[in-house]
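Here's coords-v8.txt, which has compact mmCIF, C-alpha atoms:
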```
# COMPACT_ATOMS: atom_id res chain seq x y z
CA MET G 1 78.96 -7.11 -18.62
CA GLU G 2 80.18 -10.67 -18.21
CA LEU G 3 79.55 -13.32 -20.85
CA LYS G 4 79.15 -16.93 -19.85
CA LEU G 5 78.70 -20.13 -21.81
CA VAL G 6 76.92 -22.94 -19.97
CA THR G 7 77.16 -26.41 -21.50
CA VAL G 8 76.02 -29.91 -20.62
CA GLY G 9 78.92 -32.36 -20.54
CA LYS G 10 82.65 -31.86 -20.70
CA THR G 11 84.82 -31.25 -23.75
CA ASP G 12 87.00 -34.35 -24.04
CA VAL G 13 88.03 -34.32 -27.71
CA LYS G 14 91.56 -32.89 -27.72
CA TRP G 15 91.39 -30.78 -30.88
CA VAL G 16 87.96 -29.40 -29.94
CA LYS G 17 89.26 -28.46 -26.47
CA GLU G 18 92.35 -26.80 -27.96
CA GLY G 19 90.19 -24.71 -30.30
CA LEU G 20 87.83 -23.78 -27.50
CA ASP G 21 90.74 -22.77 -25.25
CA LEU G 22 92.23 -20.66 -28.06
CA TYR G 23 89.06 -18.65 -28.67
CA MET G 24 88.25 -18.32 -24.98
CA SER G 25 91.70 -16.80 -24.36
CA ARG G 26 91.19 -14.40 -27.29
CA LEU G 27 87.72 -13.44 -26.07
CA ARG G 28 89.00 -12.50 -22.63
CA HIS G 29 90.89 -9.59 -24.23
CA TYR G 30 87.50 -8.01 -24.99
CA VAL G 31 85.13 -9.07 -22.25
CA PRO G 32 85.01 -11.16 -19.06
CA PHE G 33 84.14 -14.62 -20.39
CA SER G 34 83.66 -17.91 -18.57
CA LEU G 35 82.70 -21.47 -19.40
CA VAL G 36 80.64 -23.67 -17.11
CA GLU G 37 80.54 -27.36 -18.02
CA ILE G 38 77.75 -29.18 -16.23
CA PRO G 39 78.70 -32.82 -15.71
CA GLN G 40 76.92 -35.37 -17.88
CA LEU G 41 74.19 -37.22 -15.97
CA LYS G 42 75.08 -40.71 -14.78
CA ASN G 43 72.92 -43.86 -14.91
CA VAL G 44 70.35 -42.45 -17.33
CA SER G 45 69.44 -45.66 -19.15
CA ALA G 46 66.23 -46.00 -17.12
CA LEU G 47 65.20 -42.38 -17.75
CA SER G 48 63.10 -41.06 -20.61
CA GLN G 49 64.38 -38.24 -22.82
CA GLU G 50 61.99 -35.89 -21.06
CA GLN G 51 63.31 -36.90 -17.63
CA ILE G 52 66.88 -36.33 -18.81
CA LYS G 53 65.94 -32.87 -20.11
CA GLU G 54 64.26 -32.06 -16.77
CA LYS G 55 67.31 -33.11 -14.72
CA GLU G 56 69.73 -31.27 -17.01
CA GLY G 57 67.39 -28.26 -16.92
CA GLU G 58 67.57 -28.11 -13.12
CA LEU G 59 71.38 -28.11 -13.31
CA ILE G 60 71.37 -25.38 -15.99
CA LEU G 61 69.00 -23.18 -14.00
CA LYS G 62 71.29 -23.43 -10.94
CA GLN G 63 74.03 -21.72 -12.99
CA LEU G 64 71.91 -18.62 -13.66
CA ASN G 65 71.73 -15.47 -11.58
CA PRO G 66 68.46 -13.52 -11.26
CA GLY G 67 69.60 -10.62 -13.46
CA ASP G 68 71.14 -12.73 -16.21
CA SER G 69 69.94 -12.50 -19.79
CA VAL G 70 69.74 -16.07 -21.07
CA ILE G 71 70.05 -17.02 -24.73
CA LEU G 72 69.74 -20.64 -25.85
CA LEU G 73 71.66 -22.15 -28.74
CA ASP G 74 68.85 -24.06 -30.40
CA GLU G 75 68.29 -25.31 -33.93
CA ARG G 76 65.01 -23.38 -34.04
CA GLY G 77 66.69 -20.11 -33.08
CA LYS G 78 67.37 -17.08 -35.23
CA GLU G 79 70.32 -17.32 -37.61
CA TYR G 80 72.64 -14.36 -38.11
CA ARG G 81 75.33 -13.42 -40.59
CA SER G 82 78.53 -12.57 -38.72
CA VAL G 83 78.11 -8.80 -39.14
CA GLU G 84 74.50 -9.00 -37.92
CA TRP G 85 75.64 -11.10 -34.96
CA ALA G 86 78.30 -8.52 -34.09
CA GLU G 87 75.66 -5.79 -34.12
CA TRP G 88 73.40 -7.89 -31.87
CA ILE G 89 76.29 -8.33 -29.40
CA ARG G 90 77.15 -4.61 -29.58
CA GLN G 91 73.56 -3.64 -28.78
CA ARG G 92 73.40 -6.12 -25.89
CA LEU G 93 76.62 -4.76 -24.41
CA ALA G 94 75.39 -1.17 -24.79
CA ARG G 95 72.25 -2.06 -22.81
CA GLY G 96 74.40 -3.16 -19.91
CA GLY G 97 73.17 -5.51 -17.24
CA LYS G 98 74.71 -8.16 -15.07
CA GLY G 99 75.41 -11.06 -17.34
CA LEU G 100 74.71 -12.49 -20.74
CA VAL G 101 74.53 -16.26 -20.57
CA PHE G 102 74.48 -18.54 -23.60
CA VAL G 103 73.41 -22.15 -23.05
CA ILE G 104 74.16 -25.28 -25.06
CA GLY G 105 71.87 -28.07 -23.91
CA GLY G 106 72.34 -31.81 -23.86
CA ALA G 107 71.64 -34.29 -26.63
CA TYR G 108 67.86 -34.00 -26.22
CA GLY G 109 67.63 -30.23 -25.95
CA PHE G 110 66.16 -28.14 -23.15
CA SER G 111 63.45 -28.61 -20.57
CA GLN G 112 60.43 -26.34 -20.72
CA ALA G 113 61.67 -24.56 -17.57
CA VAL G 114 64.88 -23.57 -19.38
CA TYR G 115 62.92 -22.35 -22.42
CA ASP G 116 60.70 -20.33 -20.06
CA ARG G 117 63.74 -18.72 -18.39
CA SER G 118 65.37 -17.73 -21.67
CA GLU G 119 64.96 -14.45 -23.54
CA GLY G 120 65.55 -15.95 -26.94
CA MET G 121 67.27 -18.52 -29.09
CA ILE G 122 69.98 -18.39 -31.72
CA SER G 123 71.06 -21.01 -34.21
CA LEU G 124 74.54 -21.40 -35.62
CA SER G 125 73.26 -23.34 -38.60
CA LYS G 126 70.40 -25.42 -39.90
CA MET G 127 72.84 -28.31 -39.73
CA THR G 128 73.39 -30.24 -36.52
CA PHE G 129 76.85 -30.19 -34.93
CA SER G 130 78.11 -32.28 -32.04
CA HIS G 131 77.61 -30.60 -28.66
CA GLN G 132 81.37 -30.44 -28.24
CA MET G 133 82.05 -28.80 -31.62
CA VAL G 134 79.31 -26.21 -31.09
CA ARG G 135 81.28 -24.80 -28.14
CA THR G 136 84.32 -24.07 -30.28
CA ILE G 137 82.29 -22.77 -33.23
CA PHE G 138 80.29 -20.49 -30.93
CA ALA G 139 83.40 -19.19 -29.13
CA GLU G 140 84.97 -18.39 -32.52
CA GLN G 141 81.82 -16.53 -33.59
CA LEU G 142 81.84 -14.50 -30.37
CA TYR G 143 85.49 -13.65 -30.96
CA ARG G 144 84.72 -12.73 -34.58
CA ALA G 145 81.89 -10.45 -33.39
CA PHE G 146 84.24 -8.53 -31.10
CA THR G 147 86.79 -8.07 -33.86
CA ILE G 148 84.04 -6.72 -36.12
CA ILE G 149 82.83 -4.37 -33.37
CA ARG G 150 86.38 -3.08 -32.90
CA GLY G 151 87.10 -2.85 -36.61
CA GLU G 152 89.98 -5.30 -36.38
CA PRO G 153 91.18 -7.22 -39.47
CA TYR G 154 89.89 -10.73 -38.72
CA HIS G 155 86.57 -10.85 -40.57
CA HIS G 156 86.45 -10.32 -44.34
CA GLU G 157 83.32 -9.36 -46.26
```
What would you get if you wrote out this structure as structure tokens?
Amino acid sequence: MELKLVTVGKTDVKWVKEGLDLYMSRLRHYVPFSLVEIPQLKNVSALSQEQIKEKEGELILKQLNPGDSVILLDERGKEYRSVEWAEWIRQRLARGGKGLVFVIGGAYGFSQAVYDRSEGMISLSKMTFSHQMVRTIFAEQLYRAFTIIRGEPYHHE
């Protein structure tokens, strides 16, 4: 199964990009993993938040294949402890399927069409992080999950 992270906007903060690159390279030792950065919309000052979400939603949906399982990173999603998260990943991988796609939306969240296409939502925290930092934090948590699954000495309880 391939894992993919779809994000709105590019990562342009150097230290965030370096961290993301580090964990993406580590993840690829365990599973095919890719990152898709959808370009930030241009000339949006005349658009409402809802219109921005709709346009971003169309771009997100274009990145999905029919058989993909889609999970949104959303503040209202389920929170997991790292060991629980690893078990969730392990179960998903055991089920098989084409792809498991995680999506980080834009500043205003997701359109209803994206919510409708998703199978669920997860939250990294009740706190709000920048959209750029979430990528690195999430990639590290995916990497941590794989080390837990494999019994490797990265995570400490």
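Candidate residues G:Gln132, G:Gln51, G:Ser118, G:Thr11 were compared for distance to Asp68 in chain G, and the nearest is G:Ser118, using only C-alpha atoms.
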Query - Closest of G:Glu79, G:Asp12, G:Asp21, G:Glu157 to His131 in chain G - atom-to-atom distances counting all atoms listed in the file - result: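 When distances to His131 in chain G are compared using all atoms listed in the file, the smallest one comes from G:Asp12.
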Report task. Select, from G:Leu72, G:Val103, G:Leu22, G:Leu124, the residue with the minimum atom-to-atom distance to Val36 in chain G, counting all atoms listed in the file. Result ->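 Closest to Val36 in chain G of all the choices is G:Val103.
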Report task. Name the residues in contact with Gly9 in chain G at a cut-off of 8 Å, using all atoms listed in the file, excluding same-chain residues fewer than 6 positions from it; report them as a VMD selection string. Result -> chain G and resid 37 to 40 106
Requested in this report: For each of G:Lys126, G:Arg117, G:Lys10, G:Arg135, take the minimum atom-to-atom distance to Glu58 in chain G, counting all atoms listed in the file, then give the residue where this is smallest.
Outcome: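 Closest candidate: G:Arg117.
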Report task. Can you work out which one of G:Glu56, G:Glu18, G:Glu84, G:Glu152 has the shortest atom-to-atom distance to Ala107 in chain G, counting all atoms listed in the file? Result ->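 With all atoms listed in the file as the atom set, the closest residue is G:Glu56.
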Report task. Excluding Tyr143 in chain G and residues on its chain fewer than 4 positions from it, collect all residues at most 10 Å away from it, counting all atoms listed in the file, and give them as JSON, numbers by chain. Result -> {"G": [23, 24, 25, 26, 27, 28, 29, 30, 31, 86, 137, 138, 139, 147, 148, 149, 154]}
Rebuild range 57-73 of chain G to N, CA and C atoms - output it as a PDB file, in the frame of the given file, please.
```pdb
ATOM      1  N   GLY G  57      67.960 -29.601 -17.068  1.00  0.00           N
ATOM      2  CA  GLY G  57      67.390 -28.260 -16.920  1.00  0.00           C
ATOM      3  C   GLY G  57      67.570 -27.717 -15.521  1.00  0.00           C
ATOM      4  N   GLU G  58      67.367 -28.547 -14.509  1.00  0.00           N
ATOM      5  CA  GLU G  58      67.570 -28.110 -13.120  1.00  0.00           C
ATOM      6  C   GLU G  58      69.018 -27.679 -12.907  1.00  0.00           C
ATOM      7  N   LEU G  59      69.956 -28.438 -13.464  1.00  0.00           N
ATOM      8  CA  LEU G  59      71.380 -28.110 -13.310  1.00  0.00           C
ATOM      9  C   LEU G  59      71.730 -26.817 -14.066  1.00  0.00           C
ATOM     10  N   ILE G  60      71.144 -26.621 -15.224  1.00  0.00           N
ATOM     11  CA  ILE G  60      71.370 -25.380 -15.990  1.00  0.00           C
ATOM     12  C   ILE G  60      70.842 -24.199 -15.204  1.00  0.00           C
ATOM     13  N   LEU G  61      69.623 -24.298 -14.707  1.00  0.00           N
ATOM     14  CA  LEU G  61      69.000 -23.180 -14.000  1.00  0.00           C
ATOM     15  C   LEU G  61      69.785 -22.780 -12.746  1.00  0.00           C
ATOM     16  N   LYS G  62      70.460 -23.733 -12.121  1.00  0.00           N
ATOM     17  CA  LYS G  62      71.290 -23.430 -10.940  1.00  0.00           C
ATOM     18  C   LYS G  62      72.482 -22.547 -11.290  1.00  0.00           C
ATOM     19  N   GLN G  63      72.869 -22.521 -12.550  1.00  0.00           N
ATOM     20  CA  GLN G  63      74.030 -21.720 -12.990  1.00  0.00           C
ATOM     21  C   GLN G  63      73.658 -20.270 -13.310  1.00  0.00           C
ATOM     22  N   LEU G  64      72.386 -19.945 -13.255  1.00  0.00           N
ATOM     23  CA  LEU G  64      71.910 -18.620 -13.660  1.00  0.00           C
ATOM     24  C   LEU G  64      71.659 -17.730 -12.457  1.00  0.00           C
ATOM     25  N   ASN G  65      72.020 -16.476 -12.598  1.00  0.00           N
ATOM     26  CA  ASN G  65      71.730 -15.470 -11.580  1.00  0.00           C
ATOM     27  C   ASN G  65      70.450 -14.744 -11.952  1.00  0.00           C
ATOM     28  N   PRO G  66      69.746 -14.161 -10.957  1.00  0.00           N
ATOM     29  CA  PRO G  66      68.460 -13.520 -11.260  1.00  0.00           C
ATOM     30  C   PRO G  66      68.501 -12.471 -12.354  1.00  0.00           C
ATOM     31  N   GLY G  67      69.554 -11.679 -12.459  1.00  0.00           N
ATOM     32  CA  GLY G  67      69.600 -10.620 -13.460  1.00  0.00           C
ATOM     33  C   GLY G  67      70.173 -11.015 -14.799  1.00  0.00           C
ATOM     34  N   ASP G  68      70.529 -12.282 -14.967  1.00  0.00           N
ATOM     35  CA  ASP G  68      71.140 -12.730 -16.210  1.00  0.00           C
ATOM     36  C   ASP G  68      70.164 -12.716 -17.376  1.00  0.00           C
ATOM     37  N   SER G  69      70.665 -12.319 -18.534  1.00  0.00           N
ATOM     38  CA  SER G  69      69.940 -12.500 -19.790  1.00  0.00           C
ATOM     39  C   SER G  69      70.378 -13.849 -20.340  1.00  0.00           C
ATOM     40  N   VAL G  70      69.431 -14.704 -20.657  1.00  0.00           N
ATOM     41  CA  VAL G  70      69.740 -16.070 -21.070  1.00  0.00           C
ATOM     42  C   VAL G  70      69.313 -16.282 -22.519  1.00  0.00           C
ATOM     43  N   ILE G  71      70.285 -16.730 -23.322  1.00  0.00           N
ATOM     44  CA  ILE G  71      70.050 -17.020 -24.730  1.00  0.00           C
ATOM     45  C   ILE G  71      70.423 -18.470 -24.985  1.00  0.00           C
ATOM     46  N   LEU G  72      69.513 -19.223 -25.571  1.00  0.00           N
ATOM     47  CA  LEU G  72      69.740 -20.640 -25.850  1.00  0.00           C
ATOM     48  C   LEU G  72      70.275 -20.831 -27.260  1.00  0.00           C
ATOM     49  N   LEU G  73      71.230 -21.727 -27.404  1.00  0.00           N
ATOM     50  CA  LEU G  73      71.660 -22.150 -28.740  1.00  0.00           C
ATOM     51  C   LEU G  73      70.761 -23.325 -29.105  1.00  0.00           C
TER      52      LEU G  73
END
```
